[in-house]
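Trainee: As input, take protein17.cif (mmCIF, N, CA and C atoms):
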data_model
#
loop_
_atom_site.label_atom_id
_atom_site.label_comp_id
_atom_site.auth_asym_id
_atom_site.auth_seq_id
_atom_site.Cartn_x
_atom_site.Cartn_y
_atom_site.Cartn_z
N GLY A 1 -30.58 13.83 -37.20
CA GLY A 1 -29.20 14.17 -37.32
C GLY A 1 -29.01 15.30 -38.30
N ASP A 2 -27.78 15.72 -38.43
CA ASP A 2 -27.53 16.79 -39.38
C ASP A 2 -27.10 16.22 -40.71
N LYS A 3 -26.93 17.11 -41.64
CA LYS A 3 -26.65 16.77 -43.03
C LYS A 3 -25.19 16.40 -43.26
N GLY A 4 -24.36 16.48 -42.24
CA GLY A 4 -22.95 16.18 -42.41
C GLY A 4 -22.29 17.19 -43.31
N VAL A 5 -21.47 16.72 -44.23
CA VAL A 5 -20.79 17.64 -45.13
C VAL A 5 -21.67 18.07 -46.29
N GLY A 6 -22.86 17.51 -46.40
CA GLY A 6 -23.77 17.95 -47.44
C GLY A 6 -23.80 17.07 -48.67
N THR A 7 -23.13 15.91 -48.61
CA THR A 7 -23.21 14.99 -49.74
C THR A 7 -24.39 14.06 -49.54
N PHE A 8 -24.98 13.64 -50.65
CA PHE A 8 -26.07 12.68 -50.59
C PHE A 8 -25.46 11.30 -50.43
N GLY A 9 -26.17 10.40 -49.83
CA GLY A 9 -25.67 9.04 -49.70
C GLY A 9 -25.00 8.82 -48.37
N GLY A 10 -24.12 7.84 -48.31
CA GLY A 10 -23.44 7.51 -47.07
C GLY A 10 -24.02 6.29 -46.39
N SER A 11 -25.20 5.85 -46.83
CA SER A 11 -25.83 4.70 -46.17
C SER A 11 -25.01 3.43 -46.36
N GLU A 12 -24.22 3.39 -47.45
CA GLU A 12 -23.41 2.20 -47.69
C GLU A 12 -22.36 2.04 -46.58
N ASP A 13 -21.71 3.15 -46.23
CA ASP A 13 -20.70 3.09 -45.16
C ASP A 13 -21.33 2.64 -43.85
N HIS A 14 -22.45 3.23 -43.51
CA HIS A 14 -23.11 2.88 -42.25
C HIS A 14 -23.54 1.42 -42.23
N THR A 15 -24.05 0.95 -43.35
CA THR A 15 -24.48 -0.45 -43.43
C THR A 15 -23.30 -1.38 -43.25
N ALA A 16 -22.19 -1.08 -43.90
CA ALA A 16 -21.00 -1.93 -43.78
C ALA A 16 -20.51 -1.98 -42.34
N ILE A 17 -20.48 -0.83 -41.70
CA ILE A 17 -19.99 -0.76 -40.33
C ILE A 17 -20.90 -1.54 -39.37
N MET A 18 -22.19 -1.42 -39.53
CA MET A 18 -23.13 -1.98 -38.58
C MET A 18 -23.63 -3.40 -38.91
N SER A 19 -23.54 -3.82 -40.16
CA SER A 19 -24.25 -5.05 -40.54
C SER A 19 -23.40 -6.15 -41.16
N CYS A 20 -22.14 -5.92 -41.39
CA CYS A 20 -21.34 -6.95 -42.07
C CYS A 20 -20.86 -8.02 -41.10
N ASN A 21 -20.47 -9.15 -41.68
CA ASN A 21 -19.99 -10.28 -40.92
C ASN A 21 -18.51 -10.49 -41.22
N ALA A 22 -17.74 -10.83 -40.22
CA ALA A 22 -16.32 -11.12 -40.41
C ALA A 22 -16.17 -12.35 -41.29
N GLY A 23 -15.15 -12.35 -42.11
CA GLY A 23 -14.85 -13.51 -42.93
C GLY A 23 -15.82 -13.73 -44.07
N ALA A 24 -16.54 -12.70 -44.47
CA ALA A 24 -17.53 -12.86 -45.53
C ALA A 24 -17.63 -11.60 -46.37
N LEU A 25 -18.05 -11.79 -47.60
CA LEU A 25 -18.42 -10.69 -48.48
C LEU A 25 -19.91 -10.50 -48.29
N ASN A 26 -20.30 -9.35 -47.83
CA ASN A 26 -21.70 -9.06 -47.56
C ASN A 26 -22.24 -8.14 -48.65
N MET A 27 -23.32 -8.55 -49.27
CA MET A 27 -23.91 -7.75 -50.36
C MET A 27 -25.23 -7.18 -49.92
N PHE A 28 -25.39 -5.87 -50.15
CA PHE A 28 -26.61 -5.17 -49.77
C PHE A 28 -27.17 -4.42 -50.97
N SER A 29 -28.47 -4.20 -50.96
CA SER A 29 -29.09 -3.27 -51.89
C SER A 29 -29.70 -2.17 -51.02
N TYR A 30 -30.04 -1.08 -51.66
CA TYR A 30 -30.49 0.09 -50.92
C TYR A 30 -31.81 0.62 -51.46
N CYS A 31 -32.47 1.40 -50.62
CA CYS A 31 -33.78 2.02 -50.96
C CYS A 31 -34.88 0.97 -51.04
N PRO A 32 -35.21 0.26 -50.04
CA PRO A 32 -34.65 0.29 -48.70
C PRO A 32 -33.41 -0.60 -48.59
N THR A 33 -32.64 -0.39 -47.54
CA THR A 33 -31.45 -1.21 -47.32
C THR A 33 -31.87 -2.63 -46.97
N ARG A 34 -31.30 -3.60 -47.69
CA ARG A 34 -31.58 -5.00 -47.36
C ARG A 34 -30.39 -5.86 -47.76
N ARG A 35 -30.15 -6.89 -46.97
CA ARG A 35 -29.06 -7.82 -47.26
C ARG A 35 -29.49 -8.72 -48.41
N GLU A 36 -28.63 -8.82 -49.41
CA GLU A 36 -28.91 -9.69 -50.56
C GLU A 36 -28.21 -11.03 -50.46
N ALA A 37 -26.99 -11.01 -49.95
CA ALA A 37 -26.24 -12.26 -49.87
C ALA A 37 -25.06 -12.11 -48.91
N VAL A 38 -24.64 -13.24 -48.39
CA VAL A 38 -23.41 -13.32 -47.61
C VAL A 38 -22.62 -14.48 -48.21
N VAL A 39 -21.43 -14.17 -48.69
CA VAL A 39 -20.59 -15.18 -49.34
C VAL A 39 -19.34 -15.36 -48.48
N SER A 40 -19.07 -16.60 -48.08
CA SER A 40 -17.87 -16.87 -47.28
C SER A 40 -16.62 -16.47 -48.04
N TRP A 41 -15.74 -15.78 -47.35
CA TRP A 41 -14.49 -15.36 -47.97
C TRP A 41 -13.54 -16.55 -48.00
N PRO A 42 -13.00 -16.91 -49.16
CA PRO A 42 -12.17 -18.11 -49.28
C PRO A 42 -10.87 -18.01 -48.47
N ALA A 43 -10.52 -19.11 -47.84
CA ALA A 43 -9.24 -19.18 -47.11
C ALA A 43 -8.11 -18.91 -48.09
N GLY A 44 -7.14 -18.17 -47.66
CA GLY A 44 -5.99 -17.87 -48.51
C GLY A 44 -6.17 -16.62 -49.36
N TYR A 45 -7.36 -16.09 -49.44
CA TYR A 45 -7.60 -14.84 -50.17
C TYR A 45 -7.44 -13.69 -49.18
N HIS A 46 -6.95 -12.58 -49.69
CA HIS A 46 -6.78 -11.41 -48.85
C HIS A 46 -7.44 -10.21 -49.51
N PHE A 47 -8.12 -9.45 -48.72
CA PHE A 47 -8.74 -8.22 -49.18
C PHE A 47 -7.75 -7.11 -48.85
N VAL A 48 -7.16 -6.51 -49.87
CA VAL A 48 -6.12 -5.52 -49.67
C VAL A 48 -6.67 -4.13 -50.00
N ILE A 49 -6.45 -3.21 -49.11
CA ILE A 49 -6.88 -1.83 -49.32
C ILE A 49 -5.64 -0.96 -49.39
N GLY A 50 -5.51 -0.23 -50.50
CA GLY A 50 -4.39 0.69 -50.66
C GLY A 50 -4.84 2.10 -50.33
N VAL A 51 -3.99 2.83 -49.65
CA VAL A 51 -4.30 4.20 -49.29
C VAL A 51 -3.29 5.11 -49.97
N SER A 52 -3.79 6.09 -50.72
CA SER A 52 -2.91 6.99 -51.45
C SER A 52 -2.37 8.11 -50.59
N GLY A 53 -3.05 8.41 -49.51
CA GLY A 53 -2.65 9.54 -48.69
C GLY A 53 -3.30 10.85 -49.13
N GLN A 54 -4.01 10.82 -50.24
CA GLN A 54 -4.72 12.00 -50.73
C GLN A 54 -5.97 12.21 -49.90
N VAL A 55 -6.25 13.45 -49.58
CA VAL A 55 -7.46 13.78 -48.86
C VAL A 55 -8.60 13.87 -49.86
N ALA A 56 -9.70 13.18 -49.58
CA ALA A 56 -10.88 13.23 -50.46
C ALA A 56 -11.77 14.36 -49.99
N GLU A 57 -11.67 15.48 -50.66
CA GLU A 57 -12.49 16.64 -50.30
C GLU A 57 -13.94 16.37 -50.66
N LYS A 58 -14.83 16.55 -49.71
CA LYS A 58 -16.26 16.37 -49.95
C LYS A 58 -17.04 17.63 -49.58
N THR A 59 -16.30 18.70 -49.37
CA THR A 59 -16.95 19.96 -49.00
C THR A 59 -16.61 21.01 -50.05
N GLY A 60 -17.18 22.18 -49.88
CA GLY A 60 -16.89 23.30 -50.78
C GLY A 60 -17.24 22.99 -52.21
N ASP A 61 -16.32 23.29 -53.12
CA ASP A 61 -16.60 23.11 -54.55
C ASP A 61 -16.63 21.65 -54.97
N LYS A 62 -16.17 20.73 -54.13
CA LYS A 62 -16.17 19.30 -54.46
C LYS A 62 -17.49 18.63 -54.11
N MET A 63 -18.29 19.25 -53.24
CA MET A 63 -19.54 18.65 -52.79
C MET A 63 -20.46 18.34 -53.97
N GLN A 64 -20.53 19.24 -54.93
CA GLN A 64 -21.43 19.04 -56.07
C GLN A 64 -21.02 17.83 -56.91
N ASP A 65 -19.72 17.58 -57.03
CA ASP A 65 -19.26 16.40 -57.78
C ASP A 65 -19.82 15.12 -57.16
N TYR A 66 -19.79 15.04 -55.82
CA TYR A 66 -20.32 13.87 -55.13
C TYR A 66 -21.84 13.77 -55.29
N ASN A 67 -22.50 14.91 -55.17
CA ASN A 67 -23.96 14.91 -55.26
C ASN A 67 -24.45 14.64 -56.68
N ASP A 68 -23.67 15.03 -57.68
CA ASP A 68 -24.09 14.80 -59.06
C ASP A 68 -24.30 13.32 -59.38
N ALA A 69 -23.50 12.45 -58.79
CA ALA A 69 -23.68 11.02 -59.04
C ALA A 69 -25.08 10.58 -58.62
N SER A 70 -25.53 11.06 -57.47
CA SER A 70 -26.87 10.74 -56.98
C SER A 70 -27.94 11.41 -57.84
N LEU A 71 -27.72 12.68 -58.17
CA LEU A 71 -28.70 13.42 -58.97
C LEU A 71 -28.82 12.86 -60.39
N LEU A 72 -27.70 12.43 -60.97
CA LEU A 72 -27.73 11.82 -62.30
C LEU A 72 -28.53 10.53 -62.29
N ALA A 73 -28.34 9.71 -61.27
CA ALA A 73 -29.09 8.45 -61.17
C ALA A 73 -30.58 8.73 -61.01
N LYS A 74 -30.90 9.70 -60.19
CA LYS A 74 -32.31 10.07 -59.98
C LYS A 74 -32.93 10.59 -61.27
N GLU A 75 -32.20 11.41 -62.01
CA GLU A 75 -32.73 11.97 -63.25
C GLU A 75 -32.84 10.90 -64.34
N ALA A 76 -31.88 9.99 -64.41
CA ALA A 76 -31.97 8.89 -65.38
C ALA A 76 -33.21 8.03 -65.10
N THR A 77 -33.51 7.83 -63.83
CA THR A 77 -34.71 7.08 -63.44
C THR A 77 -35.97 7.81 -63.88
N ARG A 78 -36.01 9.11 -63.64
CA ARG A 78 -37.17 9.92 -64.04
C ARG A 78 -37.35 9.91 -65.56
N VAL A 79 -36.27 10.08 -66.29
CA VAL A 79 -36.32 10.10 -67.76
C VAL A 79 -36.81 8.75 -68.27
N TYR A 80 -36.30 7.65 -67.71
CA TYR A 80 -36.76 6.32 -68.13
C TYR A 80 -38.25 6.17 -67.85
N SER A 81 -38.68 6.56 -66.66
CA SER A 81 -40.10 6.44 -66.29
C SER A 81 -40.99 7.23 -67.25
N GLU A 82 -40.59 8.44 -67.58
CA GLU A 82 -41.39 9.25 -68.50
C GLU A 82 -41.34 8.71 -69.92
N SER A 83 -40.17 8.26 -70.34
CA SER A 83 -40.03 7.73 -71.70
C SER A 83 -40.90 6.51 -71.92
N THR A 84 -41.01 5.68 -70.91
CA THR A 84 -41.79 4.44 -71.03
C THR A 84 -43.23 4.62 -70.58
N LYS A 85 -43.57 5.85 -70.17
CA LYS A 85 -44.93 6.15 -69.69
C LYS A 85 -45.35 5.19 -68.58
N ALA A 86 -44.42 4.96 -67.66
CA ALA A 86 -44.69 4.06 -66.54
C ALA A 86 -45.88 4.57 -65.74
N ALA A 87 -46.79 3.69 -65.41
CA ALA A 87 -47.97 4.06 -64.63
C ALA A 87 -47.57 4.65 -63.28
N THR A 88 -46.56 4.06 -62.68
CA THR A 88 -46.00 4.57 -61.44
C THR A 88 -44.51 4.79 -61.69
N PRO A 89 -44.01 6.00 -61.45
CA PRO A 89 -42.58 6.23 -61.68
C PRO A 89 -41.71 5.28 -60.86
N PHE A 90 -40.63 4.84 -61.45
CA PHE A 90 -39.71 3.96 -60.74
C PHE A 90 -39.00 4.74 -59.64
N PRO A 91 -38.72 4.11 -58.50
CA PRO A 91 -38.09 4.84 -57.39
C PRO A 91 -36.58 5.04 -57.56
N HIS A 92 -35.93 4.17 -58.32
CA HIS A 92 -34.47 4.25 -58.48
C HIS A 92 -34.03 3.35 -59.63
N LEU A 93 -32.76 3.47 -60.02
CA LEU A 93 -32.25 2.70 -61.16
C LEU A 93 -32.26 1.19 -60.92
N ALA A 94 -32.10 0.75 -59.69
CA ALA A 94 -32.14 -0.69 -59.42
C ALA A 94 -33.51 -1.25 -59.78
N ALA A 95 -34.57 -0.50 -59.49
CA ALA A 95 -35.92 -0.95 -59.85
C ALA A 95 -36.12 -0.96 -61.36
N VAL A 96 -35.53 0.01 -62.04
CA VAL A 96 -35.58 0.04 -63.51
C VAL A 96 -34.90 -1.21 -64.06
N CYS A 97 -33.70 -1.51 -63.57
CA CYS A 97 -32.96 -2.68 -64.06
C CYS A 97 -33.74 -3.97 -63.81
N ALA A 98 -34.35 -4.09 -62.66
CA ALA A 98 -35.14 -5.28 -62.34
C ALA A 98 -36.33 -5.40 -63.28
N ALA A 99 -36.96 -4.28 -63.62
CA ALA A 99 -38.15 -4.30 -64.47
C ALA A 99 -37.84 -4.75 -65.89
N VAL A 100 -36.61 -4.53 -66.33
CA VAL A 100 -36.23 -4.91 -67.71
C VAL A 100 -35.32 -6.15 -67.69
N ASN A 101 -35.33 -6.88 -66.60
CA ASN A 101 -34.50 -8.09 -66.46
C ASN A 101 -33.03 -7.82 -66.81
N ASN A 102 -32.54 -6.68 -66.32
CA ASN A 102 -31.14 -6.28 -66.52
C ASN A 102 -30.75 -6.17 -67.99
N ASP A 103 -31.68 -5.81 -68.85
CA ASP A 103 -31.36 -5.54 -70.25
C ASP A 103 -31.02 -4.06 -70.39
N ALA A 104 -29.73 -3.75 -70.27
CA ALA A 104 -29.27 -2.36 -70.27
C ALA A 104 -29.62 -1.65 -71.56
N ASP A 105 -29.67 -2.37 -72.67
CA ASP A 105 -29.98 -1.73 -73.95
C ASP A 105 -31.40 -1.17 -73.97
N VAL A 106 -32.32 -1.80 -73.26
CA VAL A 106 -33.70 -1.29 -73.17
C VAL A 106 -33.69 0.07 -72.47
N VAL A 107 -32.92 0.17 -71.41
CA VAL A 107 -32.86 1.43 -70.65
C VAL A 107 -32.18 2.51 -71.49
N ARG A 108 -31.05 2.16 -72.11
CA ARG A 108 -30.35 3.15 -72.95
C ARG A 108 -31.24 3.64 -74.08
N SER A 109 -31.96 2.73 -74.68
CA SER A 109 -32.86 3.09 -75.78
C SER A 109 -33.96 4.04 -75.31
N ALA A 110 -34.51 3.79 -74.13
CA ALA A 110 -35.57 4.65 -73.60
C ALA A 110 -35.04 6.05 -73.31
N ILE A 111 -33.84 6.13 -72.76
CA ILE A 111 -33.25 7.44 -72.48
C ILE A 111 -33.00 8.19 -73.78
N THR A 112 -32.45 7.50 -74.76
CA THR A 112 -32.19 8.11 -76.07
C THR A 112 -33.49 8.56 -76.73
N SER A 113 -34.52 7.73 -76.66
CA SER A 113 -35.82 8.07 -77.26
C SER A 113 -36.44 9.29 -76.60
N TYR A 114 -36.25 9.41 -75.30
CA TYR A 114 -36.79 10.55 -74.56
C TYR A 114 -36.23 11.86 -75.13
N PHE A 115 -34.93 11.90 -75.33
CA PHE A 115 -34.31 13.11 -75.85
C PHE A 115 -34.65 13.32 -77.33
N ALA A 116 -34.72 12.24 -78.09
CA ALA A 116 -35.08 12.36 -79.51
C ALA A 116 -36.48 12.93 -79.68
N ALA A 117 -37.35 12.68 -78.71
CA ALA A 117 -38.73 13.20 -78.76
C ALA A 117 -38.83 14.62 -78.20
N GLY A 118 -37.69 15.21 -77.86
CA GLY A 118 -37.69 16.58 -77.36
C GLY A 118 -37.79 16.72 -75.86
N GLY A 119 -37.63 15.62 -75.14
CA GLY A 119 -37.71 15.68 -73.68
C GLY A 119 -36.58 16.51 -73.10
N GLU A 120 -36.87 17.13 -71.97
CA GLU A 120 -35.88 17.96 -71.29
C GLU A 120 -35.49 17.33 -69.96
N ALA A 121 -34.25 17.58 -69.57
CA ALA A 121 -33.74 17.01 -68.33
C ALA A 121 -32.72 17.96 -67.71
N GLN A 122 -32.39 17.70 -66.46
CA GLN A 122 -31.39 18.50 -65.74
C GLN A 122 -29.98 18.26 -66.27
N PHE A 123 -29.78 17.13 -66.93
CA PHE A 123 -28.48 16.77 -67.45
C PHE A 123 -28.62 16.39 -68.92
N THR A 124 -27.51 16.28 -69.62
CA THR A 124 -27.55 15.91 -71.04
C THR A 124 -27.80 14.41 -71.20
N GLU A 125 -28.19 14.04 -72.39
CA GLU A 125 -28.39 12.62 -72.71
C GLU A 125 -27.12 11.83 -72.44
N ASP A 126 -25.98 12.35 -72.91
CA ASP A 126 -24.71 11.65 -72.70
C ASP A 126 -24.40 11.47 -71.22
N GLU A 127 -24.63 12.50 -70.41
CA GLU A 127 -24.36 12.40 -68.98
C GLU A 127 -25.23 11.32 -68.34
N LEU A 128 -26.50 11.26 -68.73
CA LEU A 128 -27.39 10.24 -68.16
C LEU A 128 -27.01 8.84 -68.62
N LEU A 129 -26.62 8.71 -69.88
CA LEU A 129 -26.21 7.39 -70.38
C LEU A 129 -24.94 6.91 -69.70
N VAL A 130 -23.98 7.81 -69.51
CA VAL A 130 -22.74 7.44 -68.82
C VAL A 130 -23.03 7.01 -67.39
N ARG A 131 -23.87 7.78 -66.69
CA ARG A 131 -24.20 7.44 -65.29
C ARG A 131 -24.96 6.12 -65.21
N PHE A 132 -25.92 5.92 -66.11
CA PHE A 132 -26.65 4.65 -66.10
C PHE A 132 -25.68 3.49 -66.34
N THR A 133 -24.82 3.62 -67.33
CA THR A 133 -23.88 2.53 -67.65
C THR A 133 -22.97 2.23 -66.46
N GLN A 134 -22.48 3.27 -65.79
CA GLN A 134 -21.63 3.06 -64.62
C GLN A 134 -22.41 2.33 -63.53
N PHE A 135 -23.63 2.78 -63.27
CA PHE A 135 -24.48 2.14 -62.26
C PHE A 135 -24.72 0.67 -62.63
N PHE A 136 -25.11 0.43 -63.86
CA PHE A 136 -25.44 -0.92 -64.30
C PHE A 136 -24.25 -1.87 -64.17
N GLU A 137 -23.10 -1.42 -64.68
CA GLU A 137 -21.92 -2.29 -64.63
C GLU A 137 -21.50 -2.60 -63.20
N GLU A 138 -21.50 -1.56 -62.35
CA GLU A 138 -21.07 -1.77 -60.97
C GLU A 138 -22.10 -2.55 -60.16
N SER A 139 -23.34 -2.12 -60.20
CA SER A 139 -24.36 -2.67 -59.30
C SER A 139 -25.00 -3.96 -59.80
N GLU A 140 -25.15 -4.08 -61.09
CA GLU A 140 -25.88 -5.23 -61.63
C GLU A 140 -24.98 -6.31 -62.23
N GLN A 141 -23.72 -5.98 -62.51
CA GLN A 141 -22.84 -6.97 -63.13
C GLN A 141 -21.64 -7.32 -62.26
N LEU A 142 -20.83 -6.33 -61.91
CA LEU A 142 -19.55 -6.60 -61.26
C LEU A 142 -19.70 -7.20 -59.87
N VAL A 143 -20.58 -6.66 -59.06
CA VAL A 143 -20.71 -7.15 -57.68
C VAL A 143 -21.15 -8.62 -57.68
N SER A 144 -22.15 -8.94 -58.46
CA SER A 144 -22.61 -10.34 -58.49
C SER A 144 -21.57 -11.25 -59.14
N ALA A 145 -20.81 -10.74 -60.10
CA ALA A 145 -19.75 -11.56 -60.72
C ALA A 145 -18.67 -11.92 -59.71
N VAL A 146 -18.31 -10.97 -58.86
CA VAL A 146 -17.31 -11.24 -57.82
C VAL A 146 -17.85 -12.26 -56.84
N ALA A 147 -19.10 -12.09 -56.43
CA ALA A 147 -19.70 -13.04 -55.49
C ALA A 147 -19.73 -14.46 -56.07
N THR A 148 -20.07 -14.55 -57.34
CA THR A 148 -20.10 -15.85 -58.01
C THR A 148 -18.70 -16.46 -58.11
N ALA A 149 -17.73 -15.63 -58.43
CA ALA A 149 -16.35 -16.10 -58.61
C ALA A 149 -15.76 -16.65 -57.31
N ILE A 150 -16.06 -16.01 -56.18
CA ILE A 150 -15.44 -16.49 -54.93
C ILE A 150 -16.36 -17.44 -54.17
N GLY A 151 -17.66 -17.47 -54.54
CA GLY A 151 -18.61 -18.30 -53.80
C GLY A 151 -18.52 -19.70 -54.24
#
What does the file become when written as structure tokens?

Mentor:
Amino acid sequence: GDKGVGTFGGSEDHTAIMSCNAGALNMFSYCPTRREAVVSWPAGYHFVIGVSGQVAEKTGDKMQDYNDASLLAKEATRVYSESTKAATPFPHLAAVCAAVNNDADVVRSAITSYFAAGGEAQFTEDELLVRFTQFFEESEQLVSAVATAIG
């Protein structure tokens, strides 16, 4: 296929469209894509989607904003792997989180140590820390907390 509008990612949308079950919260992980859990949606609960009417530009000068999220995660993974002298570089942030038993402070410390030792990266230390924190909170904490709360 073609590259579409040129943004990285999109597998989440395709997975939701092709693999979800009605009446359930379906949880997936990616790289590779795999189903993690299916939680029955409680009777009486409603999933409400609000639409602002704003067009989400993903082309032109906005494309880089979308791609930076992916590139920041990739670079944070590389920096962590180098900082910890991993025998085999980690493939993505989810693997990093799993390796440290979801201890975000270990990852933040490794990123900070990398820069303190003079390491260079495509992005600043602050940018990588912000991206890691966003990834960690969304992927490793919030999604499972919601599943636990309604399951």

Trainee: In Å, how far is it from CA of His92 (chain A) to CA of Thr77 (chain A)?

Mentor: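 A separation of 5.7 Å between them.
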
Trainee: Any idea what the distance is between atom N of Leu25 (chain A) and atom C of Thr148 (chain A)?

Mentor: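 So the answer is 11.5 Å.
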
Trainee: Tell me which residues the PyMOL selection byres ((chain A and resi 151) around 8) grabs here, as a ChimeraX atom specification.

Mentor: /A:38-42,145-150

Trainee: Counting all atoms listed in the file, which of A:Glu12, A:Leu93, A:Asn67, A:Glu120 gets nearest to Phe132 (chain A)?

Mentor: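 Under the stated criterion, the closest residue is A:Leu93.
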
Trainee: What does the structure give for the distance between atom N of Met63 (chain A) and atom N of Val48 (chain A), in Å to one decimal?

Mentor: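 Distance reported for this atom pair: 28.3 Å.
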
Trainee: May I ask which of the residues A:Val51, A:Ala73, A:Val106, A:Ala43 is the closest one to Arg131 (chain A), counting all atoms listed in the file?

Mentor: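 Checking each of A:Val51, A:Ala73, A:Val106, A:Ala43 against Arg131 (chain A), counting all atoms listed in the file, the winner is A:Ala73.
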
Trainee: Let me know the residues the PyMOL selection byres (((chain A and resi 82 and name CA) around 12) and name CA) catches in the file above, as a list in words.

Mentor: Glu75, Ala76, Thr77, Arg78, Val79, Tyr80, Ser81, Ser83, Thr84, Lys85, Ala86, Ala87, Thr88, Pro89, Phe90, Val96, Val107, Ala110, Ile111, Thr112, Ser113, Tyr114, Phe115, Ala117, Gly119, Glu120 and Ala121 of chain A

Trainee: Could you find all residues in region 1-99 of chain A that DSSP calls strand (DSSP E or B) from the backbone, and write them as a list in words?

Mentor: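 Going through region 1-99 of chain A, the strand (DSSP E or B) residues come out as Ala24, Leu25, Asn26, Met27, Phe28, Ser29, Arg34, Arg35, Glu36, Ala37, Val38, Val39 and Ser40 of chain A.
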
Trainee: I need the chosen residues saved as a PDB file, in the coordinates of the input, with N, CA and C atoms.

Mentor:
ATOM      1  N   ALA A  24     -16.540 -12.700 -44.470  1.00  0.00           N
ATOM      2  CA  ALA A  24     -17.530 -12.860 -45.530  1.00  0.00           C
ATOM      3  C   ALA A  24     -17.630 -11.600 -46.370  1.00  0.00           C
ATOM      4  N   LEU A  25     -18.050 -11.790 -47.600  1.00  0.00           N
ATOM      5  CA  LEU A  25     -18.420 -10.690 -48.480  1.00  0.00           C
ATOM      6  C   LEU A  25     -19.910 -10.500 -48.290  1.00  0.00           C
ATOM      7  N   ASN A  26     -20.300  -9.350 -47.830  1.00  0.00           N
ATOM      8  CA  ASN A  26     -21.700  -9.060 -47.560  1.00  0.00           C
ATOM      9  C   ASN A  26     -22.240  -8.140 -48.650  1.00  0.00           C
ATOM     10  N   MET A  27     -23.320  -8.550 -49.270  1.00  0.00           N
ATOM     11  CA  MET A  27     -23.910  -7.750 -50.360  1.00  0.00           C
ATOM     12  C   MET A  27     -25.230  -7.180 -49.920  1.00  0.00           C
ATOM     13  N   PHE A  28     -25.390  -5.870 -50.150  1.00  0.00           N
ATOM     14  CA  PHE A  28     -26.610  -5.170 -49.770  1.00  0.00           C
ATOM     15  C   PHE A  28     -27.170  -4.420 -50.970  1.00  0.00           C
ATOM     16  N   SER A  29     -28.470  -4.200 -50.960  1.00  0.00           N
ATOM     17  CA  SER A  29     -29.090  -3.270 -51.890  1.00  0.00           C
ATOM     18  C   SER A  29     -29.700  -2.170 -51.020  1.00  0.00           C
ATOM     19  N   ARG A  34     -31.300  -3.600 -47.690  1.00  0.00           N
ATOM     20  CA  ARG A  34     -31.580  -5.000 -47.360  1.00  0.00           C
ATOM     21  C   ARG A  34     -30.390  -5.860 -47.760  1.00  0.00           C
ATOM     22  N   ARG A  35     -30.150  -6.890 -46.970  1.00  0.00           N
ATOM     23  CA  ARG A  35     -29.060  -7.820 -47.260  1.00  0.00           C
ATOM     24  C   ARG A  35     -29.490  -8.720 -48.410  1.00  0.00           C
ATOM     25  N   GLU A  36     -28.630  -8.820 -49.410  1.00  0.00           N
ATOM     26  CA  GLU A  36     -28.910  -9.690 -50.560  1.00  0.00           C
ATOM     27  C   GLU A  36     -28.210 -11.030 -50.460  1.00  0.00           C
ATOM     28  N   ALA A  37     -26.990 -11.010 -49.950  1.00  0.00           N
ATOM     29  CA  ALA A  37     -26.240 -12.260 -49.870  1.00  0.00           C
ATOM     30  C   ALA A  37     -25.060 -12.110 -48.910  1.00  0.00           C
ATOM     31  N   VAL A  38     -24.640 -13.240 -48.390  1.00  0.00           N
ATOM     32  CA  VAL A  38     -23.410 -13.320 -47.610  1.00  0.00           C
ATOM     33  C   VAL A  38     -22.620 -14.480 -48.210  1.00  0.00           C
ATOM     34  N   VAL A  39     -21.430 -14.170 -48.690  1.00  0.00           N
ATOM     35  CA  VAL A  39     -20.590 -15.180 -49.340  1.00  0.00           C
ATOM     36  C   VAL A  39     -19.340 -15.360 -48.480  1.00  0.00           C
ATOM     37  N   SER A  40     -19.070 -16.600 -48.080  1.00  0.00           N
ATOM     38  CA  SER A  40     -17.870 -16.870 -47.280  1.00  0.00           C
ATOM     39  C   SER A  40     -16.620 -16.470 -48.040  1.00  0.00           C
TER      40      SER A  40
END

Trainee: In region 39-146 of chain A, what's helix (DSSP H, G or I) per DSSP? Answer as JSON, numbers by chain?

Mentor: {"A": [60, 61, 62, 63, 64, 65, 66, 67, 68, 69, 70, 71, 72, 73, 74, 75, 76, 77, 78, 79, 80, 81, 82, 83, 93, 94, 95, 96, 97, 98, 99, 104, 105, 106, 107, 108, 109, 110, 111, 112, 113, 114, 115, 116, 125, 126, 127, 128, 129, 130, 131, 132, 133, 134, 135, 136, 137, 138, 139, 140, 141, 142, 143, 144, 145, 146]}

Trainee: Taking only C-alpha atoms into account, name the residue in A:Gln64, A:Ala69, A:Asn26, A:Ala56 that is nearest to Glu127 (chain A).

Mentor: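 Of A:Gln64, A:Ala69, A:Asn26, A:Ala56, the one nearest Glu127 (chain A), counting only C-alpha atoms, is A:Ala69.
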
Trainee: Mind dumping region 45-49 of chain A from that block, keeping N, CA, C and O atoms, as an mmCIF file, in the first residue's frame?

Mentor:
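Wrote out16.cif, looks like this:
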data_model
loop_
_atom_site.group_PDB
_atom_site.id
_atom_site.type_symbol
_atom_site.label_atom_id
_atom_site.label_comp_id
_atom_site.auth_asym_id
_atom_site.auth_seq_id
_atom_site.Cartn_x
_atom_site.Cartn_y
_atom_site.Cartn_z
ATOM 1 N N TYR A 45 -23.817 1.727 31.132
ATOM 2 C CA TYR A 45 -22.710 2.648 30.827
ATOM 3 C C TYR A 45 -22.802 3.003 29.347
ATOM 4 O O TYR A 45 -23.198 2.182 28.522
ATOM 5 N N HIS A 46 -22.416 4.219 29.037
ATOM 6 C CA HIS A 46 -22.436 4.667 27.652
ATOM 7 C C HIS A 46 -21.079 5.242 27.284
ATOM 8 O O HIS A 46 -20.486 5.980 28.063
ATOM 9 N N PHE A 47 -20.621 4.890 26.130
ATOM 10 C CA PHE A 47 -19.377 5.429 25.603
ATOM 11 C C PHE A 47 -19.782 6.605 24.719
ATOM 12 O O PHE A 47 -20.433 6.431 23.699
ATOM 13 N N VAL A 48 -19.442 7.804 25.133
ATOM 14 C CA VAL A 48 -19.866 9.002 24.427
ATOM 15 C C VAL A 48 -18.672 9.615 23.705
ATOM 16 O O VAL A 48 -17.608 9.797 24.293
ATOM 17 N N ILE A 49 -18.861 9.924 22.455
ATOM 18 C CA ILE A 49 -17.818 10.555 21.655
ATOM 19 C C ILE A 49 -18.310 11.937 21.256
ATOM 20 O O ILE A 49 -19.383 12.077 20.666
#
